[in-house]
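Below you'll find the structure, written out as structure tokens, and then a few comments.
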Protein chains: 2
Amino acid sequence: MNKSAYHKLVERGIRPSAQRLAIMDYLLTHFTHPTVEDVYQGLHDEIPTLSRTTVYNTLHLLAERNAVQMITIDDRQACYDGNTAPHVHFFCKKCGKIVDLMDEDVPTFKLPKTVHGHVVDEVQLYYKGICSECANMK
Amino acid sequence: MNKSAYHKLVERGIRPSAQRLAIMDYLLTHFTHPTVEDVYQGLHDEIPTLSRTTVYNTLHLLAERNAVQMITIDDRQACYDGNTAPHVHFFCKKCGKIVDLMDEDVPTFKLPKTVHGHVVDEVQLYYKGICSECANMK
DNA sequence: ATGGGTGCAAAGGATTTGCAACATT
DNA sequence: AATGTTGCAAATCCTTTGCACCCAT
């Protein structure tokens, strides 16, 4: 179990229950942009009693406290990213794959604190199109 | 009826049916980031027989041909923007409001054609936080 | 008459809610 | 005991699908 999962939780005032630790740890060790279902399936062996409701609750809580990022790039379902540093996501409209883009590939952008009086605490930059694999098979 | 609705459609090879014209026109005259339901309700008087299915079909078609932008900033439902120029959206996590941010307020960003072999045809920059109204009432 | 477009009803899928059981302080 | 957490089942909401009808070419 990744020790930083525990710290991520307590440092944000979240009680480290077994379920929350497992979910936080899952996000810190799987940078595959898992959906709620992915997390649920991925932890099923480890915690057989885990419910989807708890995954929903926990992921919402973690996102609210900025322990994880909620990614809304795919209109069909939300997914989550344990990497909270602002970075760019590419979404393939054909296969639905989400890939991280390195800093070198994208214009740098930084998070303003407020814009027109609106408090900004999160920035998401999404690129959408057709991934190289889907482009080649056509 | 806005004449440019007709042109937007034919110029992208979309047959200008009465429903499509009305929906395209709605997006070109309401920059309120309407959802499918909003468009459906908004056109109900004008076209009483309009179905939600047609709104879904048409909005998908328009987004696919880049006649409108699909905005996935709110995880609960997609909304649409008739302004296809890349610009920035702010989402209030409390009240759900979406506001456009002008160029002066945000870093300029431009659309790369490809990144790592992935074809990019759309860029979305989202800011999320608490809007000024919600911030003040707390 | 042929193909595309529309609309109804049903199905599907993701997410939320209500509530009772459980754990922890 | 009191409070917060979990999990089941049901409900809700958004979106898609299947299919029949309609319209225009």
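In the structure tokens, chains take the letters A, B, ... in the order shown, each chain's residues start at 1, and ligands count up from 1 in the order shown.
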Quick one: residues within 12 Å of A:Asp25, only C-alpha atoms (C1' of nucleotides), excluding same-chain residues fewer than 5 positions away - as a PyMOL selection string? chain A and resi 1-9+16-20+30-31+39+42-43+59+62+67-68+81-83
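Non-sequential neighbours of A:Gln69 (distance at most 12 Å, separation of 6 or more positions within a chain, only C-alpha atoms (C1' of nucleotides)) are Met24, Leu27, Leu28, Phe31, His33, Pro34, Thr35, Leu59, His60, Leu61, Leu62, Ala63, Ala78, Cys79, Tyr80, Asp81, Gly82, Asn83, Thr84, Ala85, Pro86, His87, Val88, His89, Asp121, Glu122, Val123 and Gln124 of chain A; Lys128 of chain B.
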Would you write out, as a Markdown table, a table of all residues in chain C that have an atom no more than 12 Å from an atom of chain A, listing for each the closest atom pair and the distance in Å to one decimal, considering only C-alpha atoms (C1' of nucleotides) and ordering rows by chain and rising residue number?
| residue | atom | partner | partner_atom | distance |
| --- | --- | --- | --- | --- |
| C:DG13 | C1' | A:Arg76 | CA | 8.9 |
| C:DA14 | C1' | A:Gln77 | CA | 6.8 |
| C:DT15 | C1' | A:Tyr56 | CA | 8.2 |
| C:DT16 | C1' | A:Thr53 | CA | 9.1 |
| C:DT17 | C1' | A:Thr53 | CA | 10.5 |
| C:DA23 | C1' | A:Ser17 | CA | 9.9 |
| C:DT24 | C1' | A:Ser17 | CA | 10.1 |
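When atom C1' of C:DT2 is paired with atom C1' of D:DC21, their separation reads 14.6 Å.
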Quick check: residues of chain A within 6 Å of chain B, only C-alpha atoms, returned as an MDAnalysis selection string. chainID A and resid 72 75 117:132
Using the selection just defined, write its residues with N, CA and C atoms as a JSON list (two decimals), in the first residue's frame.
[["chain", "number", "residue", "atom", "x", "y", "z"],
["A", 72, "THR", "N", -13.78, 15.38, -17.25],
["A", 72, "THR", "CA", -15.08, 15.31, -17.92],
["A", 72, "THR", "C", -14.91, 15.39, -19.44],
["A", 75, "ASP", "N", -18.13, 12.67, -22.69],
["A", 75, "ASP", "CA", -19.47, 13.07, -22.27],
["A", 75, "ASP", "C", -20.27, 11.90, -21.70],
["A", 117, "GLY", "N", -13.84, 37.95, -10.72],
["A", 117, "GLY", "CA", -14.46, 37.69, -9.43],
["A", 117, "GLY", "C", -14.83, 36.24, -9.19],
["A", 118, "HIS", "N", -14.66, 35.42, -10.21],
["A", 118, "HIS", "CA", -14.93, 34.00, -10.02],
["A", 118, "HIS", "C", -13.67, 33.33, -9.49],
["A", 119, "VAL", "N", -13.83, 32.54, -8.44],
["A", 119, "VAL", "CA", -12.69, 31.86, -7.85],
["A", 119, "VAL", "C", -12.39, 30.58, -8.65],
["A", 120, "VAL", "N", -11.20, 30.52, -9.20],
["A", 120, "VAL", "CA", -10.82, 29.38, -10.01],
["A", 120, "VAL", "C", -9.92, 28.47, -9.19],
["A", 121, "ASP", "N", -10.28, 27.20, -9.07],
["A", 121, "ASP", "CA", -9.39, 26.31, -8.33],
["A", 121, "ASP", "C", -9.00, 25.07, -9.14],
["A", 122, "GLU", "N", -9.32, 25.10, -10.41],
["A", 122, "GLU", "CA", -9.05, 23.95, -11.26],
["A", 122, "GLU", "C", -9.02, 24.37, -12.71],
["A", 123, "VAL", "N", -8.08, 23.83, -13.46],
["A", 123, "VAL", "CA", -8.01, 24.10, -14.90],
["A", 123, "VAL", "C", -7.93, 22.78, -15.63],
["A", 124, "GLN", "N", -8.69, 22.67, -16.69],
["A", 124, "GLN", "CA", -8.66, 21.45, -17.50],
["A", 124, "GLN", "C", -8.46, 21.85, -18.95],
["A", 125, "LEU", "N", -7.42, 21.31, -19.57],
["A", 125, "LEU", "CA", -7.23, 21.54, -20.99],
["A", 125, "LEU", "C", -7.39, 20.22, -21.73],
["A", 126, "TYR", "N", -8.37, 20.20, -22.62],
["A", 126, "TYR", "CA", -8.68, 18.97, -23.33],
["A", 126, "TYR", "C", -8.44, 19.14, -24.83],
["A", 127, "TYR", "N", -7.78, 18.16, -25.41],
["A", 127, "TYR", "CA", -7.69, 18.09, -26.87],
["A", 127, "TYR", "C", -8.56, 16.92, -27.29],
["A", 128, "LYS", "N", -9.30, 17.12, -28.37],
["A", 128, "LYS", "CA", -10.13, 16.02, -28.86],
["A", 128, "LYS", "C", -9.87, 15.80, -30.34],
["A", 129, "GLY", "N", -9.95, 14.55, -30.74],
["A", 129, "GLY", "CA", -9.71, 14.24, -32.14],
["A", 129, "GLY", "C", -9.64, 12.73, -32.35],
["A", 130, "ILE", "N", -8.77, 12.30, -33.26],
["A", 130, "ILE", "CA", -8.63, 10.87, -33.57],
["A", 130, "ILE", "C", -7.20, 10.46, -33.24],
["A", 131, "CYS", "N", -7.07, 9.42, -32.42],
["A", 131, "CYS", "CA", -5.73, 9.00, -32.01],
["A", 131, "CYS", "C", -5.00, 8.34, -33.17],
["A", 132, "SER", "N", -3.69, 8.21, -33.02],
["A", 132, "SER", "CA", -2.86, 7.70, -34.12],
["A", 132, "SER", "C", -3.29, 6.30, -34.55]]
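Going from atom C1' of D:DG4 over to atom CA of A:Arg12, you cover 16.3 Å.
The closest residue to B:Thr54, picked from B:Tyr40, B:Cys95, B:Ile14, B:Asp100 and counting only C-alpha atoms, is B:Tyr40.
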Near chain B, which residues of chain D fall within 12 Å when you count only C-alpha atoms (C1' of nucleotides), and what do they look like as a list in words? DC13, DC14, DT15, DT16, DT17, DC23 and DA24 of chain D
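Our summary of the geometry notes that atom CA of B:Arg65 is positioned 12.3 Å from atom CA of B:Arg15.
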Report as a ChimeraX atom specification: the residues of stretch 3-96 of chain A with a DSSP assignment of alpha helix (DSSP H), based on the backbone of this structure. /A:3-10,18-29,36-43,52-64
Take the residues from that selection and put them in a file with C-alpha atoms, as a tab-separated table (two decimals), in the first residue's frame.
chain	number	residue	atom	x	y	z
A	3	LYS	CA	2.12	5.40	2.03
A	4	SER	CA	1.28	8.68	0.31
A	5	ALA	CA	-2.35	7.64	0.03
A	6	TYR	CA	-2.65	7.96	3.78
A	7	HIS	CA	-0.99	11.34	3.79
A	8	LYS	CA	-3.06	12.66	0.90
A	9	LEU	CA	-6.18	11.90	2.91
A	10	VAL	CA	-5.24	13.19	6.34
A	18	ALA	CA	-9.98	1.24	4.57
A	19	GLN	CA	-12.12	1.94	1.51
A	20	ARG	CA	-10.88	5.48	1.08
A	21	LEU	CA	-7.28	4.41	1.44
A	22	ALA	CA	-7.73	1.71	-1.16
A	23	ILE	CA	-9.42	4.06	-3.59
A	24	MET	CA	-6.87	6.83	-3.08
A	25	ASP	CA	-4.08	4.33	-3.50
A	26	TYR	CA	-5.67	2.96	-6.64
A	27	LEU	CA	-5.65	6.43	-8.17
A	28	LEU	CA	-2.04	6.94	-7.16
A	29	THR	CA	-0.90	3.74	-8.81
A	36	VAL	CA	-15.99	4.64	-11.20
A	37	GLU	CA	-16.60	1.20	-12.66
A	38	ASP	CA	-12.89	0.67	-13.29
A	39	VAL	CA	-12.04	1.51	-9.70
A	40	TYR	CA	-14.83	-0.69	-8.44
A	41	GLN	CA	-13.72	-3.66	-10.55
A	42	GLY	CA	-10.06	-3.04	-9.78
A	43	LEU	CA	-10.60	-3.20	-6.04
A	52	ARG	CA	-20.20	1.29	-6.12
A	53	THR	CA	-21.90	3.84	-3.89
A	54	THR	CA	-18.78	4.13	-1.78
A	55	VAL	CA	-16.64	4.56	-4.86
A	56	TYR	CA	-18.95	7.37	-6.00
A	57	ASN	CA	-18.95	8.97	-2.55
A	58	THR	CA	-15.21	8.73	-2.14
A	59	LEU	CA	-14.29	9.93	-5.59
A	60	HIS	CA	-16.56	12.94	-5.16
A	61	LEU	CA	-15.01	13.70	-1.83
A	62	LEU	CA	-11.48	13.34	-3.14
A	63	ALA	CA	-12.22	15.55	-6.13
A	64	GLU	CA	-13.86	18.16	-3.93
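Look at C:DG18: the protein and nucleic acid residues within 12 Å of it, using only C-alpha atoms (C1' of nucleotides) and passing over chain neighbours fewer than 6 places away, are D:DC8, D:DA9, D:DA10, D:DA11.
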